[in-house]
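Notes follow the structure.
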Amino acid sequence: GMLVLSALLLCSLLKIRSLVSTLLSSFLFSLANVVLTCTLAGFFHQLSNRNLFILIHLIILVCLYLYWKKKGSPALLNVKVAWASLGQFFKRIFRSRELLILFCVVCASALFQFVLILVMPPNTHDSMTTHLSRVGYWLQNNSYFPFNIHNAKDIYYPFNPAFEVLWTIVLLGNDMLVEISQYLALFICAFSIYGFSRLLHLSEKNAFFNALIFFSFPIIVMQATTTQTDLFVAAIISCAFYFLALAFQQKEQKFLALSALAIALALGSKQTAFFLLPGYLLTFLAL
């Protein structure tokens with residue numbers, strides 16, 4: 001709740017109005033909040049201290065709230081209006097029976113994936129040998145500082161996705177939802193695809209179809225229920241390119257800042273993110 005409120009306050013301060021931009025920026029703000037919290041806690045050897053996590057989130061929220069009040073309490077996201085506009089959107093979209101059928105299949109698939117997360121323990125090779133093993137060591141030793149291990153990946157892999165996993169374990173007290181960051185990344189990617197398609201002037205139906213197609217790729221469906229990091233990084237990168245294009249379309253520097261935040265978070269999540277930099281630079285120059 002504190003993560004969501006902090007993100008919405010930041011969206012309000014930046015005057016982010018569209019629903020897609022609000023969702024994607026809230027994802028980035030919440031991710032950055034968790035990364036900052038885990039970084040501070042681990043530095044002081046308190047990485048398994050639930051109360052400290054809550055305290056840091058609370059301090060961030062209170063500071064943002066006070067600054068928000070100082071700036072005249074700019075309008076927050078109106079949930080009632082957003083819900084009404086979403087209802088109108090679905091009414092327009094589902095005039096196409098084919099899109100409605102595809103949407104129902106995708107929803108059933110997403111629901112089944114969530115059930116899998118709840119009932120199946122993580123069991124992929126990478127999760128057992130790297131992504132979860134180092135989180136377990138961090139929790140036992142209350143810090144992320146380097147340690148002796150035969151698997152060097154536990155040391156040199158970037159921390160951000162592991163922080164997300166650790167955060168859920170610390171706050172819940174169990175590993176029931178360790179895959180949830182990958183699962184949520186599936187939706188973030190889809191929202192980014194829809195938003196980017198609209199920036200390219202595709203119709204609502206075409207943009208929605210693009211997002212649903214992404215949901216149906218087998219590799220995407222299978223990644224979403226693991227503690228691996230590829231889908232997580234893809235979500236952050238998709239946000240980076242969406243906000244880059246939005247910045248030039250609307251001539252707003254705040255979206256360039258959001259794109260930069262996404263790049264920073266991506267580079268702190270997986271080494272493959274470095275491969276996006278040439279393409280990102282070329283896109284920047286082209287725009």
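Residue numbering restarts at 1 for every chain of the structure tokens, chains are lettered A, B, ... in their displayed order, and ligands are numbered from 1 as they appear.
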Neighbouring residues of region 181-191 of chain A were defined as those with any atom within 6 Å, considering only C-alpha atoms; residues of the same chain fewer than 2 positions away were excluded. Please report them as a list of chain:residue names. A:Glu179, A:Ile193, A:Tyr194, A:Ala211, A:Ala224, A:Leu231, A:Phe232, A:Ala235
Long-range neighbours of region 45-59 of chain A as an MDAnalysis selection string, 6 Å cut-off, only C-alpha atoms, 6 positions minimum in chain: chainID A and resid 139 142:143 170:171
Report the residues of region 13-117 of chain A whose backbone DSSP state falls under alpha helix (DSSP H), written as number ranges by chain. A: 13, 19-43, 50-70, 79-93, 97-117
Skipping near chain neighbours, those fewer than 2 positions away, what residues fall within 12 Å of Cys239 (chain A) using only C-alpha atoms, listed as a PyMOL selection string? chain A and resi 20-29+185+187-196+232-237+241-247+255-266+280
Would you mind reading off the distance between CA of Asp230 (chain A) and CA of Lys254 (chain A), one decimal, in Å?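 Rounded to one decimal, the two atoms are 27.0 Å apart.
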Residues near Thr225 (chain A), cut-off 9 Å, only C-alpha atoms, skip fewer than 4 positions along chain, as a list in words: Gln113, Phe114, Leu116, Ile117, Pro122, Glu179, Ile180, Gln182, Tyr183 and Val221 of chain A
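A straight line drawn from CA of Pro74 (chain A) to CA of Ser12 (chain A) is 5.9 Å long.
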Counting only C-alpha atoms, give me one row per residue of region 173-285 of chain A with an atom at most 7 Å from an atom of region 148-164 of chain A, showing the shortest contact pair and its distance in Å to one decimal, sorted by chain then residue number, as a Markdown table.
| residue | atom | partner | partner_atom | distance |
| --- | --- | --- | --- | --- |
| A:Ser181 | CA | A:Glu164 | CA | 6.6 |
| A:Thr229 | CA | A:Pro161 | CA | 6.4 |
| A:Gly268 | CA | A:Pro158 | CA | 5.3 |
| A:Ser269 | CA | A:Asn160 | CA | 4.9 |
| A:Lys270 | CA | A:Pro158 | CA | 5.7 |
Neighbouring residues of Leu64 (chain A) were defined as those with any atom within 9 Å, considering only C-alpha atoms; residues of the same chain fewer than 3 positions away were excluded. Please report them as a PDB file with N, CA, C and O atoms, in the first residue's frame.
ATOM      1  N   SER A   6       3.000   6.016  -2.614  1.00  0.00           N
ATOM      2  CA  SER A   6       4.191   6.808  -2.942  1.00  0.00           C
ATOM      3  C   SER A   6       4.281   7.029  -4.445  1.00  0.00           C
ATOM      4  O   SER A   6       4.580   8.143  -4.912  1.00  0.00           O
ATOM      5  N   LEU A   9       1.641   9.555  -5.609  1.00  0.00           N
ATOM      6  CA  LEU A   9       2.024  10.920  -5.244  1.00  0.00           C
ATOM      7  C   LEU A   9       3.059  11.470  -6.231  1.00  0.00           C
ATOM      8  O   LEU A   9       2.984  12.637  -6.637  1.00  0.00           O
ATOM      9  N   LEU A  10       4.013  10.637  -6.615  1.00  0.00           N
ATOM     10  CA  LEU A  10       5.014  11.062  -7.593  1.00  0.00           C
ATOM     11  C   LEU A  10       4.365  11.338  -8.948  1.00  0.00           C
ATOM     12  O   LEU A  10       4.715  12.314  -9.625  1.00  0.00           O
ATOM     13  N   ILE A  59       8.913   6.387   5.697  1.00  0.00           N
ATOM     14  CA  ILE A  59       9.641   7.661   5.632  1.00  0.00           C
ATOM     15  C   ILE A  59       9.540   8.254   4.234  1.00  0.00           C
ATOM     16  O   ILE A  59       9.283   9.458   4.052  1.00  0.00           O
ATOM     17  N   ILE A  60       9.727   7.412   3.207  1.00  0.00           N
ATOM     18  CA  ILE A  60       9.612   7.878   1.819  1.00  0.00           C
ATOM     19  C   ILE A  60       8.217   8.411   1.549  1.00  0.00           C
ATOM     20  O   ILE A  60       8.042   9.485   0.949  1.00  0.00           O
ATOM     21  N   LEU A  61       7.205   7.687   2.015  1.00  0.00           N
ATOM     22  CA  LEU A  61       5.813   8.103   1.798  1.00  0.00           C
ATOM     23  C   LEU A  61       5.519   9.429   2.489  1.00  0.00           C
ATOM     24  O   LEU A  61       4.907  10.325   1.895  1.00  0.00           O
ATOM     25  N   TYR A  67       5.819  16.982   0.690  1.00  0.00           N
ATOM     26  CA  TYR A  67       6.194  17.766  -0.491  1.00  0.00           C
ATOM     27  C   TYR A  67       4.980  17.986  -1.395  1.00  0.00           C
ATOM     28  O   TYR A  67       4.801  19.060  -1.978  1.00  0.00           O
ATOM     29  N   TRP A  68       4.144  16.948  -1.496  1.00  0.00           N
ATOM     30  CA  TRP A  68       2.910  17.041  -2.284  1.00  0.00           C
ATOM     31  C   TRP A  68       1.985  18.120  -1.709  1.00  0.00           C
ATOM     32  O   TRP A  68       1.403  18.906  -2.467  1.00  0.00           O
ATOM     33  N   LYS A  69       1.857  18.170  -0.377  1.00  0.00           N
ATOM     34  CA  LYS A  69       1.045  19.209   0.260  1.00  0.00           C
ATOM     35  C   LYS A  69       1.653  20.596   0.031  1.00  0.00           C
ATOM     36  O   LYS A  69       0.934  21.571  -0.220  1.00  0.00           O
TER      37      LYS A  69
END
I want to know what sits within 8 Å of region 85-93 of chain A, based on only C-alpha atoms, with residues of the same chain fewer than 5 positions away left out; could you give that as a JSON list (two decimals) with N, CA, C and O atoms, in the first residue's frame?
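Everything below was put into out_9.json:
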[["chain", "number", "residue", "atom", "x", "y", "z"],
["A", 99, "LEU", "N", -11.57, -10.45, -30.76],
["A", 99, "LEU", "CA", -10.75, -9.87, -29.70],
["A", 99, "LEU", "C", -11.26, -10.29, -28.32],
["A", 99, "LEU", "O", -10.47, -10.54, -27.41],
["A", 100, "LEU", "N", -12.57, -10.37, -28.18],
["A", 100, "LEU", "CA", -13.16, -10.79, -26.90],
["A", 100, "LEU", "C", -12.76, -12.22, -26.57],
["A", 100, "LEU", "O", -12.39, -12.53, -25.42],
["A", 204, "GLU", "N", -7.05, 1.64, -31.42],
["A", 204, "GLU", "CA", -7.17, 0.97, -30.11],
["A", 204, "GLU", "C", -7.22, -0.55, -30.27],
["A", 204, "GLU", "O", -6.59, -1.29, -29.51],
["A", 205, "LYS", "N", -7.97, -1.01, -31.27],
["A", 205, "LYS", "CA", -8.10, -2.46, -31.48],
["A", 205, "LYS", "C", -6.78, -3.09, -31.87],
["A", 205, "LYS", "O", -6.40, -4.15, -31.35]]
Which value, in Å to one decimal, gives the distance between CA of His125 (chain A) and CA of Thr227 (chain A)?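 Separation between CA of His125 (chain A) and CA of Thr227 (chain A): 10.2 Å.
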Measuring atom to atom with only C-alpha atoms, identify which of A:Cys107, A:Cys63, A:Ile220, A:Gln249 is nearest to His201 (chain A).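 So, comparing all the options, the nearest one is A:Gln249.
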